[in-house]
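Source file: start_2.cif; contents: mmCIF, C-alpha atoms and all ligand atoms.
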```cif
data_my_file
#
loop_
_atom_site.group_PDB
_atom_site.id
_atom_site.type_symbol
_atom_site.label_atom_id
_atom_site.label_comp_id
_atom_site.auth_asym_id
_atom_site.auth_seq_id
_atom_site.Cartn_x
_atom_site.Cartn_y
_atom_site.Cartn_z
ATOM 1 C CA MET A 1 -53.117 0.283 27.912
ATOM 2 C CA LEU A 2 -56.110 2.503 27.236
ATOM 3 C CA LEU A 3 -58.790 -0.126 27.966
ATOM 4 C CA GLN A 4 -57.171 -2.135 30.764
ATOM 5 C CA GLY A 5 -59.699 -4.256 32.673
ATOM 6 C CA LYS A 6 -62.724 -3.251 30.621
ATOM 7 C CA VAL A 7 -65.184 -5.851 29.318
ATOM 8 C CA ILE A 8 -66.312 -4.773 25.843
ATOM 9 C CA LEU A 9 -69.042 -6.434 23.791
ATOM 10 C CA ILE A 10 -68.789 -5.767 20.067
ATOM 11 C CA THR A 11 -71.367 -6.834 17.483
ATOM 12 C CA GLY A 12 -70.263 -7.737 13.981
ATOM 13 C CA GLY A 13 -66.839 -8.188 15.509
ATOM 14 C CA ALA A 14 -65.642 -11.075 13.370
ATOM 15 C CA SER A 15 -64.937 -9.173 10.141
ATOM 16 C CA GLY A 16 -63.965 -5.778 8.744
ATOM 17 C CA ILE A 17 -64.130 -2.771 11.071
ATOM 18 C CA GLY A 18 -65.439 -4.904 13.936
ATOM 19 C CA GLU A 19 -62.578 -7.383 13.689
ATOM 20 C CA ALA A 20 -60.013 -4.552 13.704
ATOM 21 C CA CYS A 21 -61.732 -3.004 16.728
ATOM 22 C CA ALA A 22 -61.862 -6.309 18.636
ATOM 23 C CA LEU A 23 -58.142 -6.826 18.051
ATOM 24 C CA ALA A 24 -57.354 -3.215 19.023
ATOM 25 C CA TYR A 25 -59.449 -3.410 22.216
ATOM 26 C CA ALA A 26 -57.659 -6.605 23.258
ATOM 27 C CA ARG A 27 -54.253 -5.029 22.547
ATOM 28 C CA GLU A 28 -55.248 -2.170 24.860
ATOM 29 C CA GLY A 29 -56.037 -4.535 27.726
ATOM 30 C CA ALA A 30 -59.779 -5.159 27.324
ATOM 31 C CA VAL A 31 -61.558 -8.490 27.516
ATOM 32 C CA VAL A 32 -63.610 -8.647 24.325
ATOM 33 C CA ALA A 33 -66.875 -10.488 23.708
ATOM 34 C CA VAL A 34 -67.217 -10.809 19.959
ATOM 35 C CA ILE A 35 -70.787 -11.252 18.704
ATOM 36 C CA ASP A 36 -71.335 -12.211 15.082
ATOM 37 C CA LYS A 37 -73.758 -14.252 13.029
ATOM 38 C CA ASP A 38 -71.047 -15.770 10.817
ATOM 39 C CA PRO A 39 -69.603 -18.907 12.470
ATOM 40 C CA SER A 40 -66.602 -19.266 10.195
ATOM 41 C CA ALA A 41 -65.562 -15.619 10.653
ATOM 42 C CA LEU A 42 -65.988 -16.120 14.410
ATOM 43 C CA ARG A 43 -63.598 -19.073 14.282
ATOM 44 C CA GLY A 44 -61.133 -16.823 12.451
ATOM 45 C CA ILE A 45 -61.083 -14.144 15.136
ATOM 46 C CA GLN A 46 -61.101 -16.746 17.905
ATOM 47 C CA ALA A 47 -57.887 -18.151 16.405
ATOM 48 C CA GLN A 48 -56.344 -14.670 16.596
ATOM 49 C CA LEU A 49 -57.567 -13.648 20.068
ATOM 50 C CA GLY A 50 -58.117 -16.834 22.132
ATOM 51 C CA THR A 51 -58.735 -16.599 25.877
ATOM 52 C CA PRO A 52 -59.913 -14.806 27.978
ATOM 53 C CA HIS A 53 -62.032 -13.376 25.180
ATOM 54 C CA SER A 54 -65.320 -14.905 24.057
ATOM 55 C CA PHE A 55 -66.939 -15.540 20.708
ATOM 56 C CA LEU A 56 -70.699 -15.823 20.482
ATOM 57 C CA GLN A 57 -72.782 -16.623 17.463
ATOM 58 C CA ALA A 58 -75.861 -14.403 17.495
ATOM 59 C CA ASP A 59 -78.019 -12.489 15.045
ATOM 60 C CA VAL A 60 -78.334 -8.930 16.361
ATOM 61 C CA SER A 61 -81.657 -8.479 14.597
ATOM 62 C CA GLN A 62 -83.173 -11.114 16.910
ATOM 63 C CA GLY A 63 -83.978 -9.998 20.445
ATOM 64 C CA ALA A 64 -83.673 -13.496 21.908
ATOM 65 C CA ASP A 65 -80.175 -13.880 20.437
ATOM 66 C CA VAL A 66 -79.028 -10.554 21.883
ATOM 67 C CA GLU A 67 -80.510 -11.335 25.296
ATOM 68 C CA ARG A 68 -78.748 -14.716 25.336
ATOM 69 C CA ALA A 69 -75.410 -13.199 24.306
ATOM 70 C CA ILE A 70 -75.505 -10.446 26.939
ATOM 71 C CA THR A 71 -76.594 -12.895 29.651
ATOM 72 C CA THR A 72 -73.710 -15.189 28.727
ATOM 73 C CA VAL A 73 -71.191 -12.323 28.858
ATOM 74 C CA LEU A 74 -72.453 -11.194 32.264
ATOM 75 C CA GLN A 75 -72.325 -14.748 33.624
ATOM 76 C CA GLN A 76 -68.797 -15.163 32.304
ATOM 77 C CA TYR A 77 -67.225 -11.838 33.328
ATOM 78 C CA GLY A 78 -69.627 -10.409 35.933
ATOM 79 C CA LYS A 79 -69.785 -6.965 34.338
ATOM 80 C CA LEU A 80 -69.984 -5.050 31.093
ATOM 81 C CA ASP A 81 -68.117 -1.769 30.497
ATOM 82 C CA ALA A 82 -69.006 -1.058 26.886
ATOM 83 C CA ILE A 83 -71.220 -2.101 23.995
ATOM 84 C CA HIS A 84 -70.007 -1.347 20.498
ATOM 85 C CA ASN A 85 -72.942 -1.665 18.084
ATOM 86 C CA ASN A 86 -71.009 -2.297 14.903
ATOM 87 C CA ALA A 87 -72.848 -5.041 12.984
ATOM 88 C CA GLY A 88 -74.349 -3.716 9.793
ATOM 89 C CA ILE A 89 -75.361 -4.607 6.273
ATOM 90 C CA ALA A 90 -75.135 -2.353 3.224
ATOM 91 C CA GLN A 91 -77.687 -3.946 0.893
ATOM 92 C CA PRO A 92 -79.689 -2.999 -0.996
ATOM 93 C CA SER A 93 -77.890 -0.516 -3.202
ATOM 94 C CA LYS A 94 -81.090 1.020 -4.599
ATOM 95 C CA PRO A 95 -83.355 4.080 -4.469
ATOM 96 C CA LEU A 96 -86.274 3.724 -2.072
ATOM 97 C CA HIS A 97 -88.997 2.791 -4.587
ATOM 98 C CA GLU A 98 -86.876 -0.121 -5.854
ATOM 99 C CA THR A 99 -86.238 -1.385 -2.321
ATOM 100 C CA THR A 100 -88.391 -4.360 -1.400
ATOM 101 C CA GLU A 101 -90.206 -4.287 1.904
ATOM 102 C CA ALA A 102 -88.210 -7.334 3.023
ATOM 103 C CA ALA A 103 -84.910 -5.585 2.228
ATOM 104 C CA TRP A 104 -86.054 -2.411 3.993
ATOM 105 C CA ASN A 105 -87.030 -4.381 7.091
ATOM 106 C CA GLU A 106 -83.762 -6.304 7.110
ATOM 107 C CA VAL A 107 -81.486 -3.255 6.880
ATOM 108 C CA MET A 108 -83.481 -1.482 9.595
ATOM 109 C CA ARG A 109 -83.479 -4.551 11.837
ATOM 110 C CA VAL A 110 -79.740 -5.172 11.535
ATOM 111 C CA ASN A 111 -78.440 -1.594 11.461
ATOM 112 C CA THR A 112 -80.903 0.172 13.747
ATOM 113 C CA LYS A 113 -83.205 -2.089 15.749
ATOM 114 C CA SER A 114 -80.172 -4.044 16.974
ATOM 115 C CA ILE A 115 -79.245 -0.973 19.036
ATOM 116 C CA TYR A 116 -82.632 -1.158 20.698
ATOM 117 C CA TYR A 117 -81.963 -4.791 21.643
ATOM 118 C CA THR A 118 -78.424 -4.306 22.993
ATOM 119 C CA THR A 119 -79.582 -1.293 25.000
ATOM 120 C CA PHE A 120 -82.719 -2.996 26.269
ATOM 121 C CA TYR A 121 -80.781 -6.017 27.521
ATOM 122 C CA GLY A 122 -77.496 -4.284 28.404
ATOM 123 C CA ILE A 123 -78.377 -0.973 30.026
ATOM 124 C CA VAL A 124 -78.641 -2.243 33.598
ATOM 125 C CA ALA A 125 -75.113 -3.647 33.375
ATOM 126 C CA LEU A 126 -73.803 -0.412 31.844
ATOM 127 C CA LYS A 127 -75.396 1.666 34.602
ATOM 128 C CA ALA A 128 -73.508 -0.446 37.138
ATOM 129 C CA THR A 129 -70.131 0.346 35.517
ATOM 130 C CA GLN A 130 -70.875 3.882 34.243
ATOM 131 C CA GLY A 131 -70.111 2.289 30.927
ATOM 132 C CA SER A 132 -70.130 3.462 27.384
ATOM 133 C CA ILE A 133 -71.946 2.798 24.102
ATOM 134 C CA LEU A 134 -70.383 3.245 20.685
ATOM 135 C CA ASN A 135 -72.310 2.972 17.419
ATOM 136 C CA THR A 136 -70.731 2.449 14.015
ATOM 137 C CA SER A 137 -72.643 4.880 11.861
ATOM 138 C CA SER A 138 -71.685 6.212 8.440
ATOM 139 C CA LEU A 139 -71.155 9.576 6.853
ATOM 140 C CA VAL A 140 -74.155 8.806 4.622
ATOM 141 C CA GLY A 141 -76.394 9.080 7.686
ATOM 142 C CA GLU A 142 -75.556 12.794 7.697
ATOM 143 C CA ILE A 143 -75.140 13.730 4.035
ATOM 144 C CA GLY A 144 -77.107 10.988 2.227
ATOM 145 C CA GLN A 145 -76.006 8.855 -0.695
ATOM 146 C CA GLU A 146 -77.364 8.072 -4.147
ATOM 147 C CA GLN A 147 -78.771 4.584 -4.733
ATOM 148 C CA HIS A 148 -78.573 3.692 -1.051
ATOM 149 C CA ALA A 149 -81.747 5.048 0.503
ATOM 150 C CA ALA A 150 -82.608 2.421 3.122
ATOM 151 C CA TYR A 151 -79.005 2.175 4.303
ATOM 152 C CA ALA A 152 -78.658 5.970 4.559
ATOM 153 C CA GLY A 153 -81.969 6.092 6.447
ATOM 154 C CA SER A 154 -80.815 3.401 8.856
ATOM 155 C CA LYS A 155 -77.617 5.334 9.627
ATOM 156 C CA GLY A 156 -79.473 8.641 9.984
ATOM 157 C CA ALA A 157 -81.549 6.895 12.619
ATOM 158 C CA VAL A 158 -78.353 5.657 14.299
ATOM 159 C CA ASN A 159 -77.110 9.255 14.513
ATOM 160 C CA ALA A 160 -80.364 10.513 16.039
ATOM 161 C CA LEU A 161 -80.431 7.579 18.461
ATOM 162 C CA THR A 162 -76.851 8.272 19.509
ATOM 163 C CA LYS A 163 -77.764 11.804 20.544
ATOM 164 C CA ALA A 164 -81.049 10.850 22.225
ATOM 165 C CA MET A 165 -79.384 8.022 24.148
ATOM 166 C CA ALA A 166 -76.493 10.290 25.171
ATOM 167 C CA LEU A 167 -79.011 12.617 26.838
ATOM 168 C CA ASP A 168 -81.045 9.829 28.426
ATOM 169 C CA TYR A 169 -78.062 7.992 29.937
ATOM 170 C CA ALA A 170 -75.824 10.934 30.886
ATOM 171 C CA PRO A 171 -77.322 11.013 34.405
ATOM 172 C CA TRP A 172 -75.800 7.536 34.916
ATOM 173 C CA GLY A 173 -72.427 8.647 33.596
ATOM 174 C CA ILE A 174 -72.918 6.532 30.481
ATOM 175 C CA ARG A 175 -71.398 8.065 27.344
ATOM 176 C CA VAL A 176 -72.937 7.330 23.936
ATOM 177 C CA ASN A 177 -71.015 8.172 20.772
ATOM 178 C CA ALA A 178 -70.762 7.132 17.141
ATOM 179 C CA VAL A 179 -68.055 6.918 14.531
ATOM 180 C CA ALA A 180 -68.955 7.900 10.983
ATOM 181 C CA PRO A 181 -66.551 6.635 8.327
ATOM 182 C CA ALA A 182 -67.011 7.478 4.638
ATOM 183 C CA GLY A 183 -65.426 4.493 2.884
ATOM 184 C CA VAL A 184 -63.347 1.768 4.546
ATOM 185 C CA TRP A 185 -61.908 -1.193 2.639
ATOM 186 C CA THR A 186 -63.686 -4.113 4.277
ATOM 187 C CA PRO A 187 -65.463 -7.186 2.890
ATOM 188 C CA MET A 188 -68.706 -5.145 2.977
ATOM 189 C CA LEU A 189 -67.309 -2.333 0.836
ATOM 190 C CA ARG A 190 -65.643 -4.797 -1.554
ATOM 191 C CA GLN A 191 -69.024 -6.480 -2.043
ATOM 192 C CA TRP A 192 -70.865 -3.160 -2.496
ATOM 193 C CA ASN A 193 -68.208 -2.046 -4.986
ATOM 194 C CA LEU A 194 -68.746 -5.175 -7.069
ATOM 195 C CA GLU A 195 -72.463 -4.339 -7.290
ATOM 196 C CA GLN A 196 -71.724 -0.950 -8.891
ATOM 197 C CA PRO A 197 -72.024 -0.506 -12.673
ATOM 198 C CA ASP A 198 -68.260 0.217 -13.029
ATOM 199 C CA PRO A 199 -66.328 -1.198 -10.036
ATOM 200 C CA ALA A 200 -62.888 -0.002 -11.214
ATOM 201 C CA ARG A 201 -64.125 3.572 -11.599
ATOM 202 C CA MET A 202 -65.892 3.362 -8.249
ATOM 203 C CA GLU A 203 -62.663 2.213 -6.580
ATOM 204 C CA GLN A 204 -60.919 5.326 -7.912
ATOM 205 C CA TYR A 205 -63.869 7.442 -6.792
ATOM 206 C CA LEU A 206 -63.663 5.984 -3.281
ATOM 207 C CA ASP A 207 -60.037 7.053 -3.028
ATOM 208 C CA ASN A 208 -60.824 10.495 -4.376
ATOM 209 C CA ILE A 209 -63.742 11.370 -2.074
ATOM 210 C CA HIS A 210 -61.428 11.427 0.925
ATOM 211 C CA ALA A 211 -59.690 14.797 1.127
ATOM 212 C CA LEU A 212 -56.659 13.045 2.587
ATOM 213 C CA GLY A 213 -56.368 11.125 -0.665
ATOM 214 C CA TYR A 214 -57.126 7.481 0.027
ATOM 215 C CA CYS A 215 -59.878 5.154 1.156
ATOM 216 C CA PRO A 216 -58.599 3.818 4.478
ATOM 217 C CA GLY A 217 -58.321 0.366 5.934
ATOM 218 C CA THR A 218 -59.888 -0.641 9.202
ATOM 219 C CA ALA A 219 -57.046 0.451 11.509
ATOM 220 C CA GLU A 220 -57.887 4.134 11.059
ATOM 221 C CA ILE A 221 -61.379 3.472 12.401
ATOM 222 C CA ALA A 222 -60.292 1.121 15.194
ATOM 223 C CA ASP A 223 -57.883 3.728 16.601
ATOM 224 C CA VAL A 224 -60.708 6.259 16.981
ATOM 225 C CA CYS A 225 -63.078 3.656 18.462
ATOM 226 C CA THR A 226 -60.415 2.739 21.021
ATOM 227 C CA PHE A 227 -60.097 6.388 21.994
ATOM 228 C CA LEU A 228 -63.879 6.896 22.284
ATOM 229 C CA LEU A 229 -64.260 3.875 24.572
ATOM 230 C CA SER A 230 -61.301 4.902 26.705
ATOM 231 C CA ASP A 231 -61.253 7.252 29.657
ATOM 232 C CA LYS A 232 -59.362 9.735 27.478
ATOM 233 C CA ALA A 233 -62.788 10.491 25.954
ATOM 234 C CA ARG A 234 -64.456 10.833 29.370
ATOM 235 C CA PHE A 235 -66.035 14.204 28.528
ATOM 236 C CA ILE A 236 -67.269 13.270 25.046
ATOM 237 C CA THR A 237 -70.862 12.147 24.595
ATOM 238 C CA GLY A 238 -73.489 12.485 21.867
ATOM 239 C CA CYS A 239 -70.708 12.909 19.322
ATOM 240 C CA ILE A 240 -70.997 11.581 15.761
ATOM 241 C CA MET A 241 -67.298 11.595 15.011
ATOM 242 C CA PRO A 242 -66.367 11.620 11.314
ATOM 243 C CA VAL A 243 -63.449 9.286 10.601
ATOM 244 C CA SER A 244 -63.554 10.191 6.968
ATOM 245 C CA GLY A 245 -60.345 11.909 5.936
ATOM 246 C CA GLY A 246 -62.392 15.066 5.347
ATOM 247 C CA ALA A 247 -64.723 13.383 2.826
ATOM 248 C CA GLU A 248 -67.664 15.491 3.941
ATOM 249 C CA LEU A 249 -65.821 18.659 2.954
ATOM 250 C CA GLY A 250 -65.986 17.902 -0.768
ATOM 251 C CA TYR A 251 -67.982 14.688 -1.037
ATOM 252 C CA LYS A 252 -70.148 15.554 -4.040
ATOM 253 C CA HIS A 253 -67.522 17.279 -6.136
ATOM 254 C CA GLN A 254 -64.805 14.762 -6.889
ATOM 255 C CA ILE A 255 -65.603 11.928 -9.281
HETATM 256 N N1 LIG B 1 -66.930 -0.432 5.008
HETATM 257 C C1 LIG B 1 -67.346 0.819 4.880
HETATM 258 O O1 LIG B 1 -67.002 1.505 3.902
HETATM 259 C C2 LIG B 1 -68.225 1.415 5.917
HETATM 260 C C3 LIG B 1 -68.434 2.796 5.876
HETATM 261 C C4 LIG B 1 -69.227 3.391 6.837
HETATM 262 C C5 LIG B 1 -69.830 2.613 7.795
HETATM 263 N N2 LIG B 1 -69.629 1.261 7.811
HETATM 264 C C6 LIG B 1 -70.290 0.493 8.869
HETATM 265 O O2 LIG B 1 -69.324 -0.262 9.564
HETATM 266 C C7 LIG B 1 -69.937 -1.408 10.153
HETATM 267 C C8 LIG B 1 -69.105 -2.630 9.832
HETATM 268 O O3 LIG B 1 -69.059 -2.770 8.433
HETATM 269 P P1 LIG B 1 -67.877 -3.518 7.661
HETATM 270 O O4 LIG B 1 -67.623 -2.741 6.438
HETATM 271 O O5 LIG B 1 -66.788 -3.859 8.590
HETATM 272 O O6 LIG B 1 -68.691 -4.828 7.208
HETATM 273 P P2 LIG B 1 -68.296 -6.370 7.127
HETATM 274 O O7 LIG B 1 -69.353 -6.991 6.287
HETATM 275 O O8 LIG B 1 -66.887 -6.527 6.738
HETATM 276 O O9 LIG B 1 -68.475 -6.834 8.630
HETATM 277 C C9 LIG B 1 -69.743 -6.809 9.227
HETATM 278 C C10 LIG B 1 -69.832 -7.928 10.224
HETATM 279 O O10 LIG B 1 -71.134 -7.877 10.806
HETATM 280 C C11 LIG B 1 -71.661 -9.190 10.835
HETATM 281 N N3 LIG B 1 -73.118 -9.128 10.790
HETATM 282 C C12 LIG B 1 -73.901 -8.738 9.751
HETATM 283 N N4 LIG B 1 -75.192 -8.870 10.074
HETATM 284 C C13 LIG B 1 -75.228 -9.367 11.337
HETATM 285 C C14 LIG B 1 -76.278 -9.749 12.201
HETATM 286 N N5 LIG B 1 -77.568 -9.650 11.835
HETATM 287 N N6 LIG B 1 -75.961 -10.214 13.427
HETATM 288 C C15 LIG B 1 -74.669 -10.328 13.812
HETATM 289 N N7 LIG B 1 -73.629 -10.010 13.020
HETATM 290 C C16 LIG B 1 -73.915 -9.533 11.792
HETATM 291 C C17 LIG B 1 -71.093 -9.890 9.615
HETATM 292 O O11 LIG B 1 -71.129 -11.302 9.742
HETATM 293 C C18 LIG B 1 -69.676 -9.330 9.580
HETATM 294 O O12 LIG B 1 -68.783 -10.117 10.346
HETATM 295 C C19 LIG B 1 -71.358 -1.460 9.586
HETATM 296 O O13 LIG B 1 -72.277 -0.951 10.531
HETATM 297 C C20 LIG B 1 -71.278 -0.540 8.380
HETATM 298 O O14 LIG B 1 -72.537 0.008 8.053
HETATM 299 C C21 LIG B 1 -68.835 0.655 6.894
#
```
Re-express the file's structure as structure tokens.
Amino acid sequence: MLLQGKVILITGGASGIGEACALAYAREGAVVAVIDKDPSALRGIQAQLGTPHSFLQADVSQGADVERAITTVLQQYGKLDAIHNNAGIAQPSKPLHETTEAAWNEVMRVNTKSIYYTTFYGIVALKATQGSILNTSSLVGEIGQEQHAAYAGSKGAVNALTKAMALDYAPWGIRVNAVAPAGVWTPMLRQWNLEQPDPARMEQYLDNIHALGYCPGTAEIADVCTFLLSDKARFITGCIMPVSGGAELGYKHQI
């Protein structure tokens, strides 16, 4: 049991990568507080996990929501060992000049500013436990992506934040890391795929970009997240860990 006794808050934990992580953390002995804005998805994961875990509807782009969720978790469990900032949106799939200001603001608020809120309201609790922060980034934050400028920018900011926060919180023994998948078959990727000019071709492309030969499911990511939040990773901080089947080694060359 790699996470026995830990209280872990995960945002966007009701679907996709977050759902797989919440289930994996619970299997490894953690108490999981699942934060999500989607009430029906929350009911779905609540049916799978039940007690002693908790399921809180909150929009991570709203400071008041995040403050309320963290306060509730602390009242319920008395401590917080980890925050996994996983909630994210992938729209819009456009170059920057075609991105509306509203869409730009939304992707930055959900993918990036949410980390400000969870840190602002959660850091005191994490200092008390020498806890850990994990951010779900993306390979595109490092190598970019066509037709996805605001999203890539938001994940580049997540990578920079991960390193800056790792330095700032190391004196408290708080580790801050990120995972960077390439593609992962989740509802988000399925939706993004449908928005592409040729979804069938894109599906083939998504398999091919991974050197290991396939676009993974969520379990591959959840296993690495479990490791990074466990004491097995006690000397790892400021790491943007690719969980990408080697996609970055030949990303641009295989269509
Ligand atoms: N799927 C991929 O190929 C892929 C690749 C790299 C990185 N990622 C990243 O992984 C993370 C999870 O993505 P996913 O593919 O599992 O997506 P998903 O859409 O399947 O799940 C995202 C979850 O976040 C929730 N969410 C969205 N906005 C929210 C908000 N404002 N407040 C609270 N909850 C919110 C959604 O309701 C949903 O349950 C994201 O940060 C994404 O950028 C995904």
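Nearest residue to ligand LIG 1 (chain B), choosing from A:Gln62, A:Thr186, A:Thr99, A:Ser132 and counting only C-alpha atoms and all ligand atoms: A:Thr186.
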Original post:
Written as an NGL selection string, which residues does the PyMOL selection byres (((not hetatm)) within 7 of (chain B and resi 1)) give for the file shown?
Top reply: :A and (11-18 or 35-38 or 41 or 58-61 or 86-90 or 110-111 or 136-139 or 180-189)
Filtering to C-alpha atoms, could you give me those residues as an mmCIF file, in the coordinates of the input?
```
data_model
loop_
_atom_site.group_PDB
_atom_site.id
_atom_site.type_symbol
_atom_site.label_atom_id
_atom_site.label_comp_id
_atom_site.auth_asym_id
_atom_site.auth_seq_id
_atom_site.Cartn_x
_atom_site.Cartn_y
_atom_site.Cartn_z
ATOM 1 C CA THR A 11 -71.367 -6.834 17.483
ATOM 2 C CA GLY A 12 -70.263 -7.737 13.981
ATOM 3 C CA GLY A 13 -66.839 -8.188 15.509
ATOM 4 C CA ALA A 14 -65.642 -11.075 13.370
ATOM 5 C CA SER A 15 -64.937 -9.173 10.141
ATOM 6 C CA GLY A 16 -63.965 -5.778 8.744
ATOM 7 C CA ILE A 17 -64.130 -2.771 11.071
ATOM 8 C CA GLY A 18 -65.439 -4.904 13.936
ATOM 9 C CA ILE A 35 -70.787 -11.252 18.704
ATOM 10 C CA ASP A 36 -71.335 -12.211 15.082
ATOM 11 C CA LYS A 37 -73.758 -14.252 13.029
ATOM 12 C CA ASP A 38 -71.047 -15.770 10.817
ATOM 13 C CA ALA A 41 -65.562 -15.619 10.653
ATOM 14 C CA ALA A 58 -75.861 -14.403 17.495
ATOM 15 C CA ASP A 59 -78.019 -12.489 15.045
ATOM 16 C CA VAL A 60 -78.334 -8.930 16.361
ATOM 17 C CA SER A 61 -81.657 -8.479 14.597
ATOM 18 C CA ASN A 86 -71.009 -2.297 14.903
ATOM 19 C CA ALA A 87 -72.848 -5.041 12.984
ATOM 20 C CA GLY A 88 -74.349 -3.716 9.793
ATOM 21 C CA ILE A 89 -75.361 -4.607 6.273
ATOM 22 C CA ALA A 90 -75.135 -2.353 3.224
ATOM 23 C CA VAL A 110 -79.740 -5.172 11.535
ATOM 24 C CA ASN A 111 -78.440 -1.594 11.461
ATOM 25 C CA THR A 136 -70.731 2.449 14.015
ATOM 26 C CA SER A 137 -72.643 4.880 11.861
ATOM 27 C CA SER A 138 -71.685 6.212 8.440
ATOM 28 C CA LEU A 139 -71.155 9.576 6.853
ATOM 29 C CA ALA A 180 -68.955 7.900 10.983
ATOM 30 C CA PRO A 181 -66.551 6.635 8.327
ATOM 31 C CA ALA A 182 -67.011 7.478 4.638
ATOM 32 C CA GLY A 183 -65.426 4.493 2.884
ATOM 33 C CA VAL A 184 -63.347 1.768 4.546
ATOM 34 C CA TRP A 185 -61.908 -1.193 2.639
ATOM 35 C CA THR A 186 -63.686 -4.113 4.277
ATOM 36 C CA PRO A 187 -65.463 -7.186 2.890
ATOM 37 C CA MET A 188 -68.706 -5.145 2.977
ATOM 38 C CA LEU A 189 -67.309 -2.333 0.836
#
```
Sorted by chain and rising residue number, which residues of region 11-51 of chain A lie within 10 Å of region 219-223 of chain A, and what are their closest atom pairs and distances in Å to one decimal, counting only C-alpha atoms, as a Markdown table?
```
| residue | atom | partner | partner_atom | distance |
| --- | --- | --- | --- | --- |
| A:Gly16 | CA | A:Ala219 | CA | 9.7 |
| A:Ile17 | CA | A:Ala222 | CA | 6.8 |
| A:Gly18 | CA | A:Ala222 | CA | 8.0 |
| A:Glu19 | CA | A:Ala222 | CA | 8.9 |
| A:Ala20 | CA | A:Ala222 | CA | 5.9 |
| A:Cys21 | CA | A:Ala222 | CA | 4.6 |
| A:Ala22 | CA | A:Ala222 | CA | 8.3 |
| A:Leu23 | CA | A:Ala222 | CA | 8.7 |
| A:Ala24 | CA | A:Ala222 | CA | 6.5 |
| A:Tyr25 | CA | A:Ala222 | CA | 8.4 |
```
So which residues get picked by the PyMOL selection byres (((chain A and resi 68-72) around 12) and not hetatm) here, written as an mmCIF file with C-alpha atoms, keeping the file's coordinate frame?
```cif
data_model
loop_
_atom_site.group_PDB
_atom_site.id
_atom_site.type_symbol
_atom_site.label_atom_id
_atom_site.label_comp_id
_atom_site.auth_asym_id
_atom_site.auth_seq_id
_atom_site.Cartn_x
_atom_site.Cartn_y
_atom_site.Cartn_z
ATOM 1 C CA VAL A 7 -65.184 -5.851 29.318
ATOM 2 C CA ILE A 8 -66.312 -4.773 25.843
ATOM 3 C CA LEU A 9 -69.042 -6.434 23.791
ATOM 4 C CA ILE A 10 -68.789 -5.767 20.067
ATOM 5 C CA THR A 11 -71.367 -6.834 17.483
ATOM 6 C CA ALA A 33 -66.875 -10.488 23.708
ATOM 7 C CA VAL A 34 -67.217 -10.809 19.959
ATOM 8 C CA ILE A 35 -70.787 -11.252 18.704
ATOM 9 C CA ASP A 36 -71.335 -12.211 15.082
ATOM 10 C CA LYS A 37 -73.758 -14.252 13.029
ATOM 11 C CA SER A 54 -65.320 -14.905 24.057
ATOM 12 C CA PHE A 55 -66.939 -15.540 20.708
ATOM 13 C CA LEU A 56 -70.699 -15.823 20.482
ATOM 14 C CA GLN A 57 -72.782 -16.623 17.463
ATOM 15 C CA ALA A 58 -75.861 -14.403 17.495
ATOM 16 C CA ASP A 59 -78.019 -12.489 15.045
ATOM 17 C CA VAL A 60 -78.334 -8.930 16.361
ATOM 18 C CA GLN A 62 -83.173 -11.114 16.910
ATOM 19 C CA GLY A 63 -83.978 -9.998 20.445
ATOM 20 C CA ALA A 64 -83.673 -13.496 21.908
ATOM 21 C CA ASP A 65 -80.175 -13.880 20.437
ATOM 22 C CA VAL A 66 -79.028 -10.554 21.883
ATOM 23 C CA GLU A 67 -80.510 -11.335 25.296
ATOM 24 C CA VAL A 73 -71.191 -12.323 28.858
ATOM 25 C CA LEU A 74 -72.453 -11.194 32.264
ATOM 26 C CA GLN A 75 -72.325 -14.748 33.624
ATOM 27 C CA GLN A 76 -68.797 -15.163 32.304
ATOM 28 C CA TYR A 77 -67.225 -11.838 33.328
ATOM 29 C CA GLY A 78 -69.627 -10.409 35.933
ATOM 30 C CA LYS A 79 -69.785 -6.965 34.338
ATOM 31 C CA LEU A 80 -69.984 -5.050 31.093
ATOM 32 C CA ASP A 81 -68.117 -1.769 30.497
ATOM 33 C CA ALA A 82 -69.006 -1.058 26.886
ATOM 34 C CA ILE A 83 -71.220 -2.101 23.995
ATOM 35 C CA TYR A 117 -81.963 -4.791 21.643
ATOM 36 C CA THR A 118 -78.424 -4.306 22.993
ATOM 37 C CA THR A 119 -79.582 -1.293 25.000
ATOM 38 C CA PHE A 120 -82.719 -2.996 26.269
ATOM 39 C CA TYR A 121 -80.781 -6.017 27.521
ATOM 40 C CA GLY A 122 -77.496 -4.284 28.404
ATOM 41 C CA ILE A 123 -78.377 -0.973 30.026
ATOM 42 C CA VAL A 124 -78.641 -2.243 33.598
ATOM 43 C CA ALA A 125 -75.113 -3.647 33.375
ATOM 44 C CA LEU A 126 -73.803 -0.412 31.844
#
```
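Each of A:Gln196, A:Ala149, A:Thr129, A:Ile209 was checked against Trp172 (chain A) using all atoms listed in the file; the smallest atom-to-atom distance is that of A:Thr129.
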**OP:** Pick out the residues sitting within 12 Å of Leu161 (chain A), and hand them over as a PyMOL selection string; count only C-alpha atoms, and ignore anything fewer than 5 positions along from it in its own chain.
**Re:** chain A and resi 85+111-116+119+133-137+141+154-156+166-169+176-178+238-240
Subject >> d(CA of Trp192 (chain A), CA of Pro216 (chain A)) in Å >> reply: 15.7 Å
Subject >> Test item: residues at most 7 Å from Gly5 (chain A), all atoms listed in the file, excluding those fewer than 4 positions along its chain, as number ranges by chain >> reply: A: 29-31
Original post:
Looking at A:Met165, A:Ala247, A:Val158, A:Leu3, which one is nearest to Ala233 (chain A), with distances taken over only C-alpha atoms?
Top reply: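 Selected residue with least distance to Ala233 (chain A): A:Leu3.
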Subject >> Local residues around (-82.8, 0.0, 5.8), at most 7 Å away, using all atoms listed in the file, as an MDAnalysis selection string >> reply: chainID A and resid 103:108 150:151 153:154
